[in-house]
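Student: For reference, the file run.txt (compact mmCIF, N, CA and C atoms) is included below:
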```txt
# COMPACT_ATOMS: atom_id res chain seq x y z
N MET A 11 19.94 1.15 -8.40
CA MET A 11 20.29 2.55 -8.32
C MET A 11 19.53 3.20 -7.17
N ARG A 12 20.27 3.79 -6.28
CA ARG A 12 19.65 4.45 -5.14
C ARG A 12 19.42 5.93 -5.44
N THR A 13 18.24 6.40 -5.11
CA THR A 13 17.90 7.80 -5.27
C THR A 13 17.41 8.33 -3.94
N ILE A 14 17.15 9.59 -3.90
CA ILE A 14 16.65 10.19 -2.66
C ILE A 14 15.35 9.51 -2.23
N ILE A 15 14.46 9.26 -3.18
CA ILE A 15 13.17 8.64 -2.82
C ILE A 15 13.37 7.25 -2.23
N THR A 16 14.27 6.47 -2.80
CA THR A 16 14.48 5.13 -2.28
C THR A 16 15.18 5.16 -0.93
N GLU A 17 16.12 6.08 -0.76
CA GLU A 17 16.80 6.20 0.53
C GLU A 17 15.84 6.63 1.62
N GLU A 18 15.00 7.62 1.31
CA GLU A 18 14.04 8.11 2.31
C GLU A 18 12.99 7.07 2.65
N THR A 19 12.52 6.35 1.64
CA THR A 19 11.52 5.31 1.88
C THR A 19 12.10 4.21 2.77
N ALA A 20 13.32 3.80 2.48
CA ALA A 20 13.97 2.78 3.31
C ALA A 20 14.19 3.30 4.73
N TYR A 21 14.60 4.55 4.85
CA TYR A 21 14.84 5.15 6.17
C TYR A 21 13.56 5.17 7.00
N PHE A 22 12.47 5.69 6.40
CA PHE A 22 11.22 5.77 7.15
C PHE A 22 10.62 4.40 7.40
N GLY A 23 10.82 3.47 6.50
CA GLY A 23 10.37 2.10 6.75
C GLY A 23 11.03 1.53 7.99
N GLU A 24 12.32 1.77 8.12
CA GLU A 24 13.04 1.30 9.30
C GLU A 24 12.62 2.07 10.55
N ALA A 25 12.52 3.38 10.43
CA ALA A 25 12.16 4.22 11.58
C ALA A 25 10.77 3.89 12.11
N LEU A 26 9.85 3.51 11.22
CA LEU A 26 8.48 3.21 11.61
C LEU A 26 8.22 1.72 11.79
N ASN A 27 9.31 0.94 11.75
CA ASN A 27 9.20 -0.51 11.88
C ASN A 27 8.29 -1.10 10.80
N LYS A 28 8.45 -0.58 9.58
CA LYS A 28 7.66 -1.03 8.43
C LYS A 28 8.60 -1.41 7.28
N GLU A 29 9.69 -2.11 7.62
CA GLU A 29 10.68 -2.46 6.62
C GLU A 29 10.09 -3.29 5.48
N LYS A 30 9.27 -4.26 5.82
CA LYS A 30 8.67 -5.14 4.80
C LYS A 30 7.83 -4.33 3.82
N GLU A 31 7.00 -3.42 4.35
CA GLU A 31 6.15 -2.60 3.50
C GLU A 31 6.98 -1.67 2.61
N SER A 32 8.04 -1.10 3.18
CA SER A 32 8.86 -0.20 2.37
C SER A 32 9.61 -0.98 1.28
N GLU A 33 10.05 -2.19 1.58
CA GLU A 33 10.71 -3.01 0.56
C GLU A 33 9.74 -3.38 -0.56
N THR A 34 8.51 -3.70 -0.20
CA THR A 34 7.49 -4.03 -1.19
C THR A 34 7.20 -2.81 -2.07
N TRP A 35 7.07 -1.64 -1.43
CA TRP A 35 6.81 -0.42 -2.17
C TRP A 35 7.96 -0.11 -3.12
N LEU A 36 9.20 -0.25 -2.64
CA LEU A 36 10.37 0.04 -3.46
C LEU A 36 10.48 -0.91 -4.65
N ALA A 37 10.14 -2.18 -4.45
CA ALA A 37 10.17 -3.15 -5.55
C ALA A 37 9.15 -2.75 -6.61
N ASP A 38 7.96 -2.35 -6.18
CA ASP A 38 6.93 -1.91 -7.11
C ASP A 38 7.36 -0.63 -7.83
N TYR A 39 7.95 0.29 -7.10
CA TYR A 39 8.46 1.54 -7.67
C TYR A 39 9.50 1.25 -8.75
N ASP A 40 10.46 0.37 -8.44
CA ASP A 40 11.50 0.02 -9.40
C ASP A 40 10.90 -0.59 -10.66
N ALA A 41 9.89 -1.45 -10.50
CA ALA A 41 9.24 -2.07 -11.65
C ALA A 41 8.53 -1.03 -12.50
N ARG A 42 7.85 -0.08 -11.86
CA ARG A 42 7.15 0.96 -12.61
C ARG A 42 8.13 1.87 -13.35
N ILE A 43 9.25 2.19 -12.73
CA ILE A 43 10.27 3.01 -13.38
C ILE A 43 10.85 2.28 -14.59
N ALA A 44 11.15 0.99 -14.43
CA ALA A 44 11.69 0.20 -15.54
C ALA A 44 10.70 0.15 -16.70
N ASP A 45 9.42 -0.01 -16.39
CA ASP A 45 8.40 -0.04 -17.43
C ASP A 45 8.30 1.31 -18.14
N ALA A 46 8.35 2.39 -17.37
CA ALA A 46 8.28 3.72 -17.97
C ALA A 46 9.47 3.97 -18.88
N LYS A 47 10.67 3.58 -18.45
CA LYS A 47 11.86 3.75 -19.29
C LYS A 47 11.73 2.97 -20.58
N LYS A 48 11.18 1.76 -20.49
CA LYS A 48 11.01 0.93 -21.68
C LYS A 48 10.04 1.59 -22.65
N ARG A 49 8.92 2.10 -22.14
CA ARG A 49 7.93 2.74 -23.00
C ARG A 49 8.49 4.00 -23.65
N VAL A 50 9.25 4.78 -22.90
CA VAL A 50 9.84 6.00 -23.46
C VAL A 50 10.84 5.64 -24.55
N SER A 51 11.65 4.62 -24.31
CA SER A 51 12.65 4.24 -25.31
C SER A 51 12.02 3.72 -26.59
N MET A 52 10.78 3.26 -26.52
CA MET A 52 10.08 2.80 -27.71
C MET A 52 9.61 3.98 -28.57
N VAL A 53 9.48 5.15 -27.96
CA VAL A 53 8.97 6.33 -28.65
C VAL A 53 10.11 7.27 -29.05
N ILE A 54 11.12 7.37 -28.20
CA ILE A 54 12.23 8.28 -28.44
C ILE A 54 13.48 7.47 -28.71
N ASP A 55 14.10 7.73 -29.82
CA ASP A 55 15.33 7.04 -30.20
C ASP A 55 16.44 7.44 -29.23
N PRO A 56 17.03 6.48 -28.53
CA PRO A 56 18.10 6.80 -27.57
C PRO A 56 19.33 7.41 -28.24
N GLU A 57 19.47 7.23 -29.56
CA GLU A 57 20.60 7.77 -30.30
C GLU A 57 20.31 9.18 -30.83
N ALA A 58 19.09 9.66 -30.63
CA ALA A 58 18.72 10.97 -31.15
C ALA A 58 19.49 12.07 -30.41
N GLU A 59 19.83 13.10 -31.15
CA GLU A 59 20.52 14.23 -30.55
C GLU A 59 19.51 15.14 -29.89
N GLU A 60 19.99 15.89 -28.93
CA GLU A 60 19.11 16.80 -28.20
C GLU A 60 18.68 17.97 -29.03
```
Once more with this new file: its structure as C-alpha cells, please.
Tutor:
Amino acid sequence: MRTIITEETAYFGEALNKEKESETWLADYDARIADAKKRVSMVIDPEAEE
C-alpha cells in the first residue's frame, strides 16, 4: 500500500541518490506498521461497532 510518506521517501531517496537507504527505511516502516496493526487488533475487536 502506497501512502504519501512512502511516495515522498522513495522520491527523495531517488532525488538524493539514496535509493538503497530509502528502500531499507520503507521496509522497516512497513514492518513497524504491520506490528502496530497486529497489536491494536489484539486489543480492539475488529468486529466492534463504532
Student: Find the residues around range 37-44 of chain A up to 12 Å (only C-alpha atoms counted), leave out those fewer than 5 positions away in its own chain, and share them as JSON, numbers by chain.
Tutor: {"A": [11, 12, 13, 15, 16, 19, 20, 30, 31, 32, 49, 50, 51]}
Student: Keeping only N, CA and C atoms, write the selected residues as an mmCIF file, in the coordinates of the input.
Tutor:
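File result25.cif, as written:
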```cif
data_model
loop_
_atom_site.group_PDB
_atom_site.id
_atom_site.type_symbol
_atom_site.label_atom_id
_atom_site.label_comp_id
_atom_site.auth_asym_id
_atom_site.auth_seq_id
_atom_site.Cartn_x
_atom_site.Cartn_y
_atom_site.Cartn_z
ATOM 1 N N MET A 11 19.940 1.150 -8.400
ATOM 2 C CA MET A 11 20.290 2.550 -8.320
ATOM 3 C C MET A 11 19.530 3.200 -7.170
ATOM 4 N N ARG A 12 20.270 3.790 -6.280
ATOM 5 C CA ARG A 12 19.650 4.450 -5.140
ATOM 6 C C ARG A 12 19.420 5.930 -5.440
ATOM 7 N N THR A 13 18.240 6.400 -5.110
ATOM 8 C CA THR A 13 17.900 7.800 -5.270
ATOM 9 C C THR A 13 17.410 8.330 -3.940
ATOM 10 N N ILE A 15 14.460 9.260 -3.180
ATOM 11 C CA ILE A 15 13.170 8.640 -2.820
ATOM 12 C C ILE A 15 13.370 7.250 -2.230
ATOM 13 N N THR A 16 14.270 6.470 -2.800
ATOM 14 C CA THR A 16 14.480 5.130 -2.280
ATOM 15 C C THR A 16 15.180 5.160 -0.930
ATOM 16 N N THR A 19 12.520 6.350 1.640
ATOM 17 C CA THR A 19 11.520 5.310 1.880
ATOM 18 C C THR A 19 12.100 4.210 2.770
ATOM 19 N N ALA A 20 13.320 3.800 2.480
ATOM 20 C CA ALA A 20 13.970 2.780 3.310
ATOM 21 C C ALA A 20 14.190 3.300 4.730
ATOM 22 N N LYS A 30 9.270 -4.260 5.820
ATOM 23 C CA LYS A 30 8.670 -5.140 4.800
ATOM 24 C C LYS A 30 7.830 -4.330 3.820
ATOM 25 N N GLU A 31 7.000 -3.420 4.350
ATOM 26 C CA GLU A 31 6.150 -2.600 3.500
ATOM 27 C C GLU A 31 6.980 -1.670 2.610
ATOM 28 N N SER A 32 8.040 -1.100 3.180
ATOM 29 C CA SER A 32 8.860 -0.200 2.370
ATOM 30 C C SER A 32 9.610 -0.980 1.280
ATOM 31 N N ARG A 49 8.920 2.100 -22.140
ATOM 32 C CA ARG A 49 7.930 2.740 -23.000
ATOM 33 C C ARG A 49 8.490 4.000 -23.650
ATOM 34 N N VAL A 50 9.250 4.780 -22.900
ATOM 35 C CA VAL A 50 9.840 6.000 -23.460
ATOM 36 C C VAL A 50 10.840 5.640 -24.550
ATOM 37 N N SER A 51 11.650 4.620 -24.310
ATOM 38 C CA SER A 51 12.650 4.240 -25.310
ATOM 39 C C SER A 51 12.020 3.720 -26.590
#
```
Student: Within chain A, find each residue whose DSSP state, derived from the backbone, is alpha helix (DSSP H), and express the selection as number ranges by chain.
Tutor: A: 14-25, 29-53
Student: Could you work out how far CA of Asp45 in chain A lies from CA of Tyr21 in chain A, giving the answer in Å with one decimal?
Tutor: 25.0 Å
Student: For the atom pair atom C of Glu33 in chain A and atom C of Lys47 in chain A, what is the interatomic distance in Å to one decimal place?
Tutor: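 Value for the atom C of Glu33 in chain A-atom C of Lys47 in chain A distance: 21.1 Å.
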Student: What is the CA of Glu17 in chain A to CA of Trp35 in chain A distance in Å?
Tutor: 12.3 Å
Student: Could you pull range 36-52 of chain A out of the block above and give me N, CA, C and O atoms, as a PDB file, in the first residue's frame?
Tutor:
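Once written, part.pdb looks like this:
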```pdb
ATOM      1  N   LEU A  36      11.877   2.160   4.179  1.00  0.00           N
ATOM      2  CA  LEU A  36      10.489   1.818   3.875  1.00  0.00           C
ATOM      3  C   LEU A  36      10.148   0.396   4.317  1.00  0.00           C
ATOM      4  O   LEU A  36       9.055   0.148   4.821  1.00  0.00           O
ATOM      5  N   ALA A  37      11.075  -0.533   4.160  1.00  0.00           N
ATOM      6  CA  ALA A  37      10.843  -1.912   4.607  1.00  0.00           C
ATOM      7  C   ALA A  37      10.673  -1.947   6.124  1.00  0.00           C
ATOM      8  O   ALA A  37       9.772  -2.627   6.646  1.00  0.00           O
ATOM      9  N   ASP A  38      11.507  -1.206   6.840  1.00  0.00           N
ATOM     10  CA  ASP A  38      11.395  -1.129   8.291  1.00  0.00           C
ATOM     11  C   ASP A  38      10.081  -0.464   8.693  1.00  0.00           C
ATOM     12  O   ASP A  38       9.390  -0.922   9.610  1.00  0.00           O
ATOM     13  N   TYR A  39       9.711   0.592   8.006  1.00  0.00           N
ATOM     14  CA  TYR A  39       8.452   1.299   8.260  1.00  0.00           C
ATOM     15  C   TYR A  39       7.267   0.355   8.076  1.00  0.00           C
ATOM     16  O   TYR A  39       6.381   0.289   8.929  1.00  0.00           O
ATOM     17  N   ASP A  40       7.257  -0.385   6.971  1.00  0.00           N
ATOM     18  CA  ASP A  40       6.168  -1.333   6.704  1.00  0.00           C
ATOM     19  C   ASP A  40       6.076  -2.388   7.798  1.00  0.00           C
ATOM     20  O   ASP A  40       4.979  -2.756   8.233  1.00  0.00           O
ATOM     21  N   ALA A  41       7.225  -2.876   8.267  1.00  0.00           N
ATOM     22  CA  ALA A  41       7.240  -3.881   9.326  1.00  0.00           C
ATOM     23  C   ALA A  41       6.690  -3.308  10.627  1.00  0.00           C
ATOM     24  O   ALA A  41       5.920  -3.967  11.332  1.00  0.00           O
ATOM     25  N   ARG A  42       7.066  -2.073  10.953  1.00  0.00           N
ATOM     26  CA  ARG A  42       6.573  -1.441  12.178  1.00  0.00           C
ATOM     27  C   ARG A  42       5.071  -1.192  12.103  1.00  0.00           C
ATOM     28  O   ARG A  42       4.355  -1.379  13.094  1.00  0.00           O
ATOM     29  N   ILE A  43       4.572  -0.787  10.942  1.00  0.00           N
ATOM     30  CA  ILE A  43       3.135  -0.563  10.774  1.00  0.00           C
ATOM     31  C   ILE A  43       2.374  -1.882  10.919  1.00  0.00           C
ATOM     32  O   ILE A  43       1.344  -1.951  11.591  1.00  0.00           O
ATOM     33  N   ALA A  44       2.883  -2.953  10.306  1.00  0.00           N
ATOM     34  CA  ALA A  44       2.235  -4.262  10.410  1.00  0.00           C
ATOM     35  C   ALA A  44       2.192  -4.722  11.864  1.00  0.00           C
ATOM     36  O   ALA A  44       1.168  -5.247  12.327  1.00  0.00           O
ATOM     37  N   ASP A  45       3.277  -4.510  12.599  1.00  0.00           N
ATOM     38  CA  ASP A  45       3.318  -4.889  14.005  1.00  0.00           C
ATOM     39  C   ASP A  45       2.316  -4.074  14.819  1.00  0.00           C
ATOM     40  O   ASP A  45       1.603  -4.622  15.668  1.00  0.00           O
ATOM     41  N   ALA A  46       2.241  -2.785  14.544  1.00  0.00           N
ATOM     42  CA  ALA A  46       1.296  -1.931  15.269  1.00  0.00           C
ATOM     43  C   ALA A  46      -0.144  -2.357  14.996  1.00  0.00           C
ATOM     44  O   ALA A  46      -0.963  -2.426  15.919  1.00  0.00           O
ATOM     45  N   LYS A  47      -0.460  -2.667  13.744  1.00  0.00           N
ATOM     46  CA  LYS A  47      -1.809  -3.120  13.405  1.00  0.00           C
ATOM     47  C   LYS A  47      -2.146  -4.412  14.131  1.00  0.00           C
ATOM     48  O   LYS A  47      -3.256  -4.596  14.621  1.00  0.00           O
ATOM     49  N   LYS A  48      -1.174  -5.316  14.212  1.00  0.00           N
ATOM     50  CA  LYS A  48      -1.389  -6.587  14.892  1.00  0.00           C
ATOM     51  C   LYS A  48      -1.670  -6.359  16.374  1.00  0.00           C
ATOM     52  O   LYS A  48      -2.603  -6.941  16.929  1.00  0.00           O
ATOM     53  N   ARG A  49      -0.880  -5.491  17.010  1.00  0.00           N
ATOM     54  CA  ARG A  49      -1.071  -5.219  18.431  1.00  0.00           C
ATOM     55  C   ARG A  49      -2.415  -4.545  18.700  1.00  0.00           C
ATOM     56  O   ARG A  49      -3.078  -4.867  19.676  1.00  0.00           O
ATOM     57  N   VAL A  50      -2.814  -3.627  17.838  1.00  0.00           N
ATOM     58  CA  VAL A  50      -4.105  -2.963  18.010  1.00  0.00           C
ATOM     59  C   VAL A  50      -5.241  -3.962  17.853  1.00  0.00           C
ATOM     60  O   VAL A  50      -6.203  -3.952  18.631  1.00  0.00           O
ATOM     61  N   SER A  51      -5.131  -4.845  16.869  1.00  0.00           N
ATOM     62  CA  SER A  51      -6.204  -5.823  16.650  1.00  0.00           C
ATOM     63  C   SER A  51      -6.336  -6.802  17.807  1.00  0.00           C
ATOM     64  O   SER A  51      -7.390  -7.394  18.005  1.00  0.00           O
ATOM     65  N   MET A  52      -5.279  -6.968  18.591  1.00  0.00           N
ATOM     66  CA  MET A  52      -5.339  -7.842  19.757  1.00  0.00           C
ATOM     67  C   MET A  52      -6.108  -7.184  20.905  1.00  0.00           C
ATOM     68  O   MET A  52      -6.613  -7.867  21.781  1.00  0.00           O
TER      69      MET A  52
END
```
